[in-house]
file coords-v2.cif (mmCIF, N, CA, C and O atoms)
data_work
loop_
_atom_site.label_atom_id
_atom_site.label_comp_id
_atom_site.auth_asym_id
_atom_site.auth_seq_id
_atom_site.Cartn_x
_atom_site.Cartn_y
_atom_site.Cartn_z
N MET A 594 141.22 10.48 124.57
CA MET A 594 142.51 9.87 124.71
C MET A 594 142.42 8.72 125.72
O MET A 594 141.85 8.87 126.78
N SER A 595 143.00 7.60 125.38
CA SER A 595 143.03 6.43 126.25
C SER A 595 143.98 6.66 127.41
O SER A 595 144.95 7.40 127.30
N TYR A 596 143.67 6.03 128.54
CA TYR A 596 144.56 6.15 129.69
C TYR A 596 145.93 5.57 129.37
O TYR A 596 146.93 5.89 130.03
N LYS A 597 146.04 4.73 128.35
CA LYS A 597 147.30 4.08 128.00
C LYS A 597 148.23 4.98 127.19
O LYS A 597 149.42 4.71 127.11
N ASP A 598 147.71 6.04 126.59
CA ASP A 598 148.52 6.94 125.79
C ASP A 598 149.58 7.58 126.68
O ASP A 598 149.28 8.18 127.70
N ASP A 599 150.84 7.45 126.27
CA ASP A 599 151.96 8.03 127.03
C ASP A 599 151.93 7.62 128.50
O ASP A 599 152.21 8.42 129.39
N LEU A 600 151.59 6.38 128.77
CA LEU A 600 151.42 5.90 130.14
C LEU A 600 152.70 6.07 130.97
O LEU A 600 152.64 6.48 132.13
N GLY A 601 153.84 5.78 130.38
CA GLY A 601 155.10 5.91 131.11
C GLY A 601 155.35 7.33 131.58
O GLY A 601 155.77 7.56 132.72
N VAL A 602 155.07 8.30 130.72
CA VAL A 602 155.26 9.71 131.07
C VAL A 602 154.28 10.10 132.18
O VAL A 602 154.65 10.78 133.13
N LYS A 603 153.05 9.65 132.06
CA LYS A 603 152.05 9.96 133.08
C LYS A 603 152.48 9.42 134.44
O LYS A 603 152.40 10.12 135.45
N ILE A 604 152.92 8.19 134.48
CA ILE A 604 153.31 7.58 135.75
C ILE A 604 154.49 8.32 136.37
O ILE A 604 154.54 8.53 137.57
N ALA A 605 155.42 8.74 135.53
CA ALA A 605 156.62 9.41 136.03
C ALA A 605 156.35 10.83 136.51
O ALA A 605 157.06 11.35 137.37
N THR A 606 155.30 11.47 135.97
CA THR A 606 155.11 12.89 136.25
C THR A 606 153.85 13.23 137.03
O THR A 606 153.73 14.35 137.51
N TYR A 607 152.93 12.32 137.15
CA TYR A 607 151.65 12.64 137.79
C TYR A 607 151.78 12.73 139.31
O TYR A 607 152.57 12.03 139.92
N SER A 608 150.96 13.58 139.88
CA SER A 608 150.85 13.69 141.33
C SER A 608 150.02 12.52 141.85
O SER A 608 149.44 11.75 141.07
N GLY A 609 149.92 12.39 143.17
CA GLY A 609 149.13 11.32 143.77
C GLY A 609 147.69 11.35 143.33
O GLY A 609 147.10 10.31 142.99
N GLU A 610 147.10 12.53 143.29
CA GLU A 610 145.70 12.66 142.88
C GLU A 610 145.53 12.28 141.41
O GLU A 610 144.55 11.63 141.04
N GLN A 611 146.49 12.66 140.59
CA GLN A 611 146.41 12.31 139.17
C GLN A 611 146.58 10.81 138.96
O GLN A 611 145.97 10.23 138.07
N MET A 612 147.38 10.17 139.83
CA MET A 612 147.56 8.72 139.73
C MET A 612 146.26 8.00 140.09
O MET A 612 145.92 6.99 139.48
N VAL A 613 145.53 8.52 141.05
CA VAL A 613 144.23 7.94 141.41
C VAL A 613 143.28 8.08 140.22
O VAL A 613 142.59 7.12 139.86
N ALA A 614 143.27 9.23 139.59
CA ALA A 614 142.42 9.44 138.41
C ALA A 614 142.82 8.47 137.30
O ALA A 614 141.95 7.90 136.62
N LEU A 615 144.11 8.25 137.12
CA LEU A 615 144.60 7.31 136.11
C LEU A 615 144.13 5.89 136.43
O LEU A 615 143.72 5.14 135.53
N ALA A 616 144.14 5.53 137.70
CA ALA A 616 143.66 4.20 138.11
C ALA A 616 142.18 4.06 137.80
O ALA A 616 141.73 3.01 137.33
N TYR A 617 141.40 5.12 138.07
CA TYR A 617 139.97 5.08 137.74
C TYR A 617 139.75 4.93 136.24
O TYR A 617 138.88 4.19 135.80
N GLU A 618 140.55 5.64 135.44
CA GLU A 618 140.44 5.51 133.99
C GLU A 618 140.71 4.08 133.54
O GLU A 618 140.00 3.53 132.69
N ALA A 619 141.75 3.47 134.12
CA ALA A 619 142.09 2.08 133.78
C ALA A 619 140.95 1.15 134.18
O ALA A 619 140.57 0.25 133.41
N LEU A 620 140.39 1.38 135.35
CA LEU A 620 139.27 0.57 135.84
C LEU A 620 138.09 0.63 134.87
O LEU A 620 137.53 -0.40 134.48
N ILE A 621 137.75 1.82 134.44
CA ILE A 621 136.62 2.02 133.52
C ILE A 621 136.90 1.39 132.16
O ILE A 621 136.05 0.68 131.61
N GLU A 622 138.09 1.60 131.63
CA GLU A 622 138.43 1.01 130.33
C GLU A 622 138.41 -0.51 130.41
O GLU A 622 137.95 -1.18 129.49
N ASN A 623 138.90 -1.06 131.51
CA ASN A 623 138.89 -2.51 131.69
C ASN A 623 137.47 -3.05 131.76
O ASN A 623 137.18 -4.15 131.26
N LEU A 624 136.57 -2.32 132.40
CA LEU A 624 135.17 -2.76 132.47
C LEU A 624 134.52 -2.75 131.09
O LEU A 624 133.75 -3.66 130.76
N LYS A 625 134.83 -1.76 130.30
CA LYS A 625 134.32 -1.73 128.92
C LYS A 625 134.85 -2.92 128.14
O LYS A 625 134.11 -3.57 127.39
N GLU A 626 136.14 -3.21 128.33
CA GLU A 626 136.76 -4.35 127.66
C GLU A 626 136.14 -5.66 128.13
O GLU A 626 135.86 -6.56 127.34
N ALA A 627 135.88 -5.79 129.43
CA ALA A 627 135.26 -7.01 129.96
C ALA A 627 133.87 -7.21 129.37
O ALA A 627 133.49 -8.34 129.03
N SER A 628 133.12 -6.14 129.24
CA SER A 628 131.79 -6.23 128.65
C SER A 628 131.87 -6.75 127.22
O SER A 628 131.12 -7.64 126.82
N ARG A 629 132.80 -6.20 126.46
CA ARG A 629 132.97 -6.62 125.07
C ARG A 629 133.39 -8.09 125.00
O ARG A 629 132.84 -8.87 124.22
N LEU A 630 134.34 -8.47 125.84
CA LEU A 630 134.85 -9.84 125.81
C LEU A 630 133.80 -10.86 126.24
O LEU A 630 133.72 -11.94 125.66
N ILE A 631 133.01 -10.52 127.24
CA ILE A 631 131.99 -11.47 127.72
C ILE A 631 130.92 -11.67 126.65
O ILE A 631 130.40 -12.76 126.47
N LYS A 632 130.63 -10.60 125.90
CA LYS A 632 129.67 -10.72 124.80
C LYS A 632 130.20 -11.64 123.71
O LYS A 632 129.42 -12.30 123.01
N GLU A 633 131.52 -11.69 123.58
CA GLU A 633 132.15 -12.54 122.57
C GLU A 633 132.40 -13.95 123.10
O GLU A 633 132.94 -14.79 122.39
N GLY A 634 132.06 -14.20 124.36
CA GLY A 634 132.23 -15.53 124.93
C GLY A 634 133.65 -15.85 125.35
O GLY A 634 134.00 -17.03 125.48
N LEU A 635 134.47 -14.84 125.57
CA LEU A 635 135.88 -15.05 125.91
C LEU A 635 136.09 -14.92 127.42
O LEU A 635 136.77 -14.02 127.90
N LYS A 636 135.52 -15.87 128.17
CA LYS A 636 135.54 -15.78 129.63
C LYS A 636 136.96 -15.80 130.21
O LYS A 636 137.21 -15.13 131.21
N GLU A 637 137.87 -16.53 129.60
CA GLU A 637 139.24 -16.57 130.12
C GLU A 637 139.89 -15.19 130.03
O GLU A 637 140.56 -14.75 130.97
N ASP A 638 139.66 -14.50 128.93
CA ASP A 638 140.19 -13.15 128.77
C ASP A 638 139.52 -12.18 129.74
O ASP A 638 140.17 -11.29 130.28
N VAL A 639 138.22 -12.36 129.95
CA VAL A 639 137.49 -11.53 130.91
C VAL A 639 138.09 -11.71 132.30
O VAL A 639 138.30 -10.74 133.04
N SER A 640 138.39 -12.93 132.65
CA SER A 640 138.96 -13.23 133.96
C SER A 640 140.26 -12.47 134.19
O SER A 640 140.49 -11.91 135.27
N LYS A 641 141.11 -12.40 133.17
CA LYS A 641 142.38 -11.66 133.29
C LYS A 641 142.13 -10.17 133.49
O LYS A 641 142.79 -9.52 134.31
N VAL A 642 141.18 -9.62 132.75
CA VAL A 642 140.85 -8.20 132.87
C VAL A 642 140.32 -7.91 134.27
O VAL A 642 140.70 -6.92 134.90
N LEU A 643 139.45 -8.78 134.76
CA LEU A 643 138.87 -8.57 136.08
C LEU A 643 139.91 -8.74 137.18
O LEU A 643 139.87 -8.04 138.20
N ASP A 644 140.86 -9.65 137.00
CA ASP A 644 141.95 -9.79 137.96
C ASP A 644 142.75 -8.49 138.05
O ASP A 644 143.12 -8.04 139.14
N HIS A 645 142.98 -7.88 136.88
CA HIS A 645 143.69 -6.59 136.87
C HIS A 645 142.87 -5.52 137.60
O HIS A 645 143.42 -4.74 138.38
N ASN A 646 141.56 -5.52 137.38
CA ASN A 646 140.71 -4.55 138.07
C ASN A 646 140.72 -4.78 139.58
O ASN A 646 140.70 -3.83 140.35
N ARG A 647 140.76 -6.02 139.99
CA ARG A 647 140.82 -6.30 141.43
C ARG A 647 142.13 -5.80 142.04
O ARG A 647 142.16 -5.31 143.16
N GLU A 648 143.21 -5.90 141.26
CA GLU A 648 144.48 -5.36 141.72
C GLU A 648 144.39 -3.84 141.86
O GLU A 648 144.90 -3.27 142.83
N ILE A 649 143.75 -3.19 140.91
CA ILE A 649 143.57 -1.74 140.97
C ILE A 649 142.74 -1.37 142.20
O ILE A 649 143.11 -0.46 142.96
N LEU A 650 141.64 -2.07 142.41
CA LEU A 650 140.78 -1.79 143.57
C LEU A 650 141.53 -2.02 144.88
O LEU A 650 141.40 -1.23 145.83
N ALA A 651 142.33 -3.08 144.94
CA ALA A 651 143.10 -3.36 146.15
C ALA A 651 144.12 -2.25 146.40
O ALA A 651 144.31 -1.80 147.55
N HIS A 652 144.75 -1.79 145.35
CA HIS A 652 145.72 -0.70 145.49
C HIS A 652 145.04 0.58 145.94
O HIS A 652 145.54 1.26 146.85
N LEU A 653 143.93 0.91 145.32
CA LEU A 653 143.20 2.12 145.71
C LEU A 653 142.77 2.04 147.18
O LEU A 653 142.88 3.02 147.92
N THR A 654 142.32 0.87 147.60
CA THR A 654 141.91 0.69 148.99
C THR A 654 143.10 0.84 149.92
O THR A 654 143.02 1.52 150.95
N ALA A 655 144.21 0.23 149.55
CA ALA A 655 145.41 0.28 150.40
C ALA A 655 145.95 1.70 150.53
O ALA A 655 146.45 2.07 151.60
N THR A 656 145.86 2.49 149.50
CA THR A 656 146.40 3.84 149.54
C THR A 656 145.54 4.78 150.38
O THR A 656 145.97 5.87 150.71
N MET A 657 144.34 4.33 150.73
CA MET A 657 143.47 5.16 151.55
C MET A 657 143.91 5.17 153.01
O MET A 657 143.51 6.03 153.78
N GLY A 658 144.71 4.20 153.39
CA GLY A 658 145.17 4.14 154.77
C GLY A 658 144.10 3.59 155.68
O GLY A 658 143.12 2.99 155.25
N GLU A 659 144.28 3.84 156.95
CA GLU A 659 143.38 3.30 157.97
C GLU A 659 142.35 4.31 158.46
O GLU A 659 141.71 4.10 159.48
N GLU A 660 142.22 5.41 157.76
CA GLU A 660 141.27 6.44 158.17
C GLU A 660 139.85 5.86 158.21
O GLU A 660 139.47 5.08 157.35
N GLU A 661 139.09 6.25 159.19
CA GLU A 661 137.73 5.73 159.35
C GLU A 661 136.69 6.83 159.21
O GLU A 661 135.63 6.76 159.83
N ASP A 662 136.99 7.85 158.40
CA ASP A 662 136.00 8.90 158.23
C ASP A 662 134.92 8.45 157.24
O ASP A 662 135.02 7.40 156.62
N GLU A 663 133.88 9.25 157.11
CA GLU A 663 132.74 8.88 156.29
C GLU A 663 133.10 8.73 154.81
O GLU A 663 132.63 7.81 154.13
N VAL A 664 133.96 9.61 154.31
CA VAL A 664 134.36 9.54 152.90
C VAL A 664 135.13 8.23 152.63
O VAL A 664 134.85 7.54 151.64
N SER A 665 136.06 7.90 153.50
CA SER A 665 136.82 6.65 153.33
C SER A 665 135.91 5.43 153.39
O SER A 665 136.03 4.52 152.57
N PHE A 666 135.00 5.43 154.35
CA PHE A 666 134.08 4.32 154.48
C PHE A 666 133.21 4.17 153.23
O PHE A 666 133.07 3.07 152.69
N THR A 667 132.67 5.27 152.74
CA THR A 667 131.80 5.25 151.56
C THR A 667 132.58 4.81 150.32
O THR A 667 132.10 4.00 149.52
N THR A 668 133.80 5.31 150.19
CA THR A 668 134.63 4.95 149.03
C THR A 668 134.93 3.46 149.05
O THR A 668 134.84 2.78 148.01
N LYS A 669 135.27 2.92 150.21
CA LYS A 669 135.54 1.48 150.31
C LYS A 669 134.29 0.67 149.98
O LYS A 669 134.38 -0.38 149.35
N GLN A 670 133.13 1.16 150.37
CA GLN A 670 131.87 0.48 150.04
C GLN A 670 131.64 0.46 148.53
O GLN A 670 131.16 -0.53 147.98
N ILE A 671 131.98 1.56 147.87
CA ILE A 671 131.86 1.62 146.40
C ILE A 671 132.79 0.61 145.75
O ILE A 671 132.41 -0.10 144.81
N TYR A 672 134.02 0.51 146.25
CA TYR A 672 134.97 -0.46 145.70
C TYR A 672 134.45 -1.88 145.87
O TYR A 672 134.57 -2.71 144.95
N LEU A 673 133.88 -2.18 147.01
CA LEU A 673 133.29 -3.51 147.24
C LEU A 673 132.12 -3.76 146.29
O LEU A 673 131.96 -4.87 145.76
N TYR A 674 131.31 -2.74 146.07
CA TYR A 674 130.17 -2.86 145.16
C TYR A 674 130.65 -3.14 143.73
O TYR A 674 130.11 -4.02 143.05
N VAL A 675 131.67 -2.42 143.29
CA VAL A 675 132.21 -2.64 141.95
C VAL A 675 132.74 -4.07 141.83
O VAL A 675 132.49 -4.75 140.84
N ASN A 676 133.45 -4.53 142.85
CA ASN A 676 133.96 -5.90 142.83
C ASN A 676 132.82 -6.92 142.76
O ASN A 676 132.89 -7.90 142.02
N ARG A 677 131.76 -6.68 143.51
CA ARG A 677 130.60 -7.58 143.49
C ARG A 677 129.95 -7.60 142.10
O ARG A 677 129.60 -8.67 141.59
N LEU A 678 129.81 -6.42 141.48
CA LEU A 678 129.24 -6.38 140.12
C LEU A 678 130.11 -7.13 139.13
O LEU A 678 129.60 -7.84 138.26
N MET A 679 131.44 -6.97 139.24
CA MET A 679 132.33 -7.67 138.33
C MET A 679 132.19 -9.18 138.49
O MET A 679 132.11 -9.91 137.50
N THR A 680 132.14 -9.64 139.73
CA THR A 680 132.02 -11.07 140.00
C THR A 680 130.70 -11.61 139.47
O THR A 680 130.66 -12.65 138.80
N GLU A 681 129.62 -10.90 139.74
CA GLU A 681 128.31 -11.35 139.28
C GLU A 681 128.22 -11.30 137.76
O GLU A 681 127.68 -12.22 137.13
N GLY A 682 128.76 -10.25 137.15
CA GLY A 682 128.76 -10.15 135.69
C GLY A 682 129.50 -11.30 135.04
O GLY A 682 129.08 -11.83 134.02
N PHE A 683 130.61 -11.69 135.66
CA PHE A 683 131.40 -12.80 135.14
C PHE A 683 130.68 -14.12 135.35
O PHE A 683 130.53 -14.92 134.42
N ASN A 684 130.22 -14.37 136.56
CA ASN A 684 129.59 -15.66 136.89
C ASN A 684 128.28 -15.88 136.14
O ASN A 684 127.98 -17.01 135.75
N LYS A 685 127.51 -14.83 135.97
CA LYS A 685 126.20 -14.96 135.32
C LYS A 685 126.21 -14.55 133.85
O LYS A 685 125.16 -14.52 133.21
N ILE A 686 127.40 -14.21 133.36
CA ILE A 686 127.58 -13.78 131.97
C ILE A 686 126.59 -12.66 131.63
O ILE A 686 125.76 -12.76 130.74
N ARG A 687 126.72 -11.57 132.39
CA ARG A 687 125.84 -10.41 132.22
C ARG A 687 126.69 -9.17 131.95
O ARG A 687 127.11 -8.47 132.87
N PRO A 688 126.94 -8.87 130.67
CA PRO A 688 127.80 -7.73 130.33
C PRO A 688 127.27 -6.39 130.82
O PRO A 688 128.04 -5.47 131.10
N GLU A 689 125.95 -6.29 131.02
CA GLU A 689 125.38 -5.02 131.48
C GLU A 689 125.86 -4.67 132.89
O GLU A 689 125.88 -3.48 133.27
N LEU A 690 126.27 -5.66 133.66
CA LEU A 690 126.79 -5.36 135.00
C LEU A 690 128.16 -4.69 134.93
O LEU A 690 128.49 -3.86 135.78
N PHE A 691 128.96 -5.02 133.93
CA PHE A 691 130.24 -4.32 133.74
C PHE A 691 129.98 -2.88 133.30
O PHE A 691 130.72 -1.98 133.66
N GLU A 692 128.95 -2.70 132.53
CA GLU A 692 128.61 -1.36 132.05
C GLU A 692 128.04 -0.50 133.17
O GLU A 692 128.22 0.72 133.18
N GLU A 693 127.39 -1.14 134.12
CA GLU A 693 126.83 -0.39 135.27
C GLU A 693 127.95 0.23 136.06
O GLU A 693 127.91 1.33 136.53
#
call {"tool": "encode", "arguments": {"input": "coords-v2.cif", "output": "C-alpha cells"}}
result
Amino acid sequence: MSYKDDLGVKIATYSGEQMVALAYEALIENLKEASRLIKEGLKEDVSKVLDHNREILAHLTATMGEEEDEVSFTTKQIYLYVNRLMTEGFNKIRPELFEE
C-alpha cells in the first residue's frame, strides 16, 4: 500500500510516531520517483520531488528538538547524508544515488 492511500485519514488519526513513519514512507517513495524521473531526463520534475524531500527532512529535524543525545546526533547526520546523496544524484545525474 502506498503512503498516499487514505492519506487524510492517516494524518487525522496517526500518533506522533506513526506520523514520523509516514514521513519516512513519503521520503522513500519520493526517492524512487526521483530515480525514475532522472532516468527519463526530467530534471525539473526531479527538482520538485527533491524540494519536497528537503521539506520532509527539515520537518523531521525540527521535530527532534534541541536534544543533543547520541541518537539525535546520529539521526541528524543520516538526514544530512540523505540530503547530500539527493543533491549529488541530481547534479551528477546518478539515479543510483537516489536508490541508495
call {"tool": "atom_distance", "arguments": {"input": "coords-v2.cif", "atom1": "CA of Glu660 (chain A)", "atom2": "CA of Glu618 (chain A)"}}
result
24.2 Å
call {"tool": "closest_residue", "arguments": {"input": "coords-v2.cif", "among": "A:Glu648, A:Glu663, A:Glu681, A:Glu693", "to": "Ala619 (chain A)", "atoms": "only C-alpha atoms"}}
result
A:Glu648
call {"tool": "resolve_selection", "arguments": {"input": "coords-v2.cif", "expression": "the PyMOL selection byres (((chain A and resi 646 and name CA) around 9) and name CA)", "output": "PyMOL selection string"}}
result
chain A and resi 619-621+623-624+641-645+647-651+676+679
call {"tool": "residues_around", "arguments": {"input": "coords-v2.cif", "residues": "Leu635 (chain A)", "least_positions_apart": "6", "cutoff": "12 Å", "atoms": "only C-alpha atoms", "output": "compact mmCIF listing (two decimals) with N, CA, C and O atoms, keeping the file's coordinate frame"}}
result
# COMPACT_ATOMS: atom_id res chain seq x y z
N GLU A 626 136.14 -3.21 128.33
CA GLU A 626 136.76 -4.35 127.66
C GLU A 626 136.14 -5.66 128.13
O GLU A 626 135.86 -6.56 127.34
N ALA A 627 135.88 -5.79 129.43
CA ALA A 627 135.26 -7.01 129.96
C ALA A 627 133.87 -7.21 129.37
O ALA A 627 133.49 -8.34 129.03
N SER A 628 133.12 -6.14 129.24
CA SER A 628 131.79 -6.23 128.65
C SER A 628 131.87 -6.75 127.22
O SER A 628 131.12 -7.64 126.82
N ARG A 629 132.80 -6.20 126.46
CA ARG A 629 132.97 -6.62 125.07
C ARG A 629 133.39 -8.09 125.00
O ARG A 629 132.84 -8.87 124.22
N LYS A 641 141.11 -12.40 133.17
CA LYS A 641 142.38 -11.66 133.29
C LYS A 641 142.13 -10.17 133.49
O LYS A 641 142.79 -9.52 134.31
N VAL A 642 141.18 -9.62 132.75
CA VAL A 642 140.85 -8.20 132.87
C VAL A 642 140.32 -7.91 134.27
O VAL A 642 140.70 -6.92 134.90
N PHE A 683 130.61 -11.69 135.66
CA PHE A 683 131.40 -12.80 135.14
C PHE A 683 130.68 -14.12 135.35
O PHE A 683 130.53 -14.92 134.42
N ILE A 686 127.40 -14.21 133.36
CA ILE A 686 127.58 -13.78 131.97
C ILE A 686 126.59 -12.66 131.63
O ILE A 686 125.76 -12.76 130.74
N PRO A 688 126.94 -8.87 130.67
CA PRO A 688 127.80 -7.73 130.33
C PRO A 688 127.27 -6.39 130.82
O PRO A 688 128.04 -5.47 131.10
call {"tool": "atom_distance", "arguments": {"input": "coords-v2.cif", "atom1": "CA of Ile671 (chain A)", "atom2": "CA of Gly658 (chain A)"}}
result
15.9 Å
call {"tool": "atom_distance", "arguments": {"input": "coords-v2.cif", "atom1": "CA of Gly609 (chain A)", "atom2": "atom C of His652 (chain A)"}}
result
11.7 Å
call {"tool": "closest_residue", "arguments": {"input": "coords-v2.cif", "among": "A:Leu678, A:Leu653, A:Leu630, A:Leu690", "to": "Val613 (chain A)", "atoms": "all atoms listed in the file"}}
result
A:Leu653
call {"tool": "axis_aligned_box", "arguments": {"input": "coords-v2.cif", "around": "region 662-677 of chain A", "padding_each_side": "4 Å", "output": "JSON"}}
result
{"center_x": 133.3, "center_y": 0.5, "center_z": 149.6, "size_x": 15.4, "size_y": 26.3, "size_z": 25.6}
call {"tool": "closest_residue", "arguments": {"input": "coords-v2.cif", "among": "A:Asn684, A:Ala616, A:Glu659, A:Thr654", "to": "Tyr672 (chain A)", "atoms": "only N, CA, C and O atoms"}}
result
A:Thr654
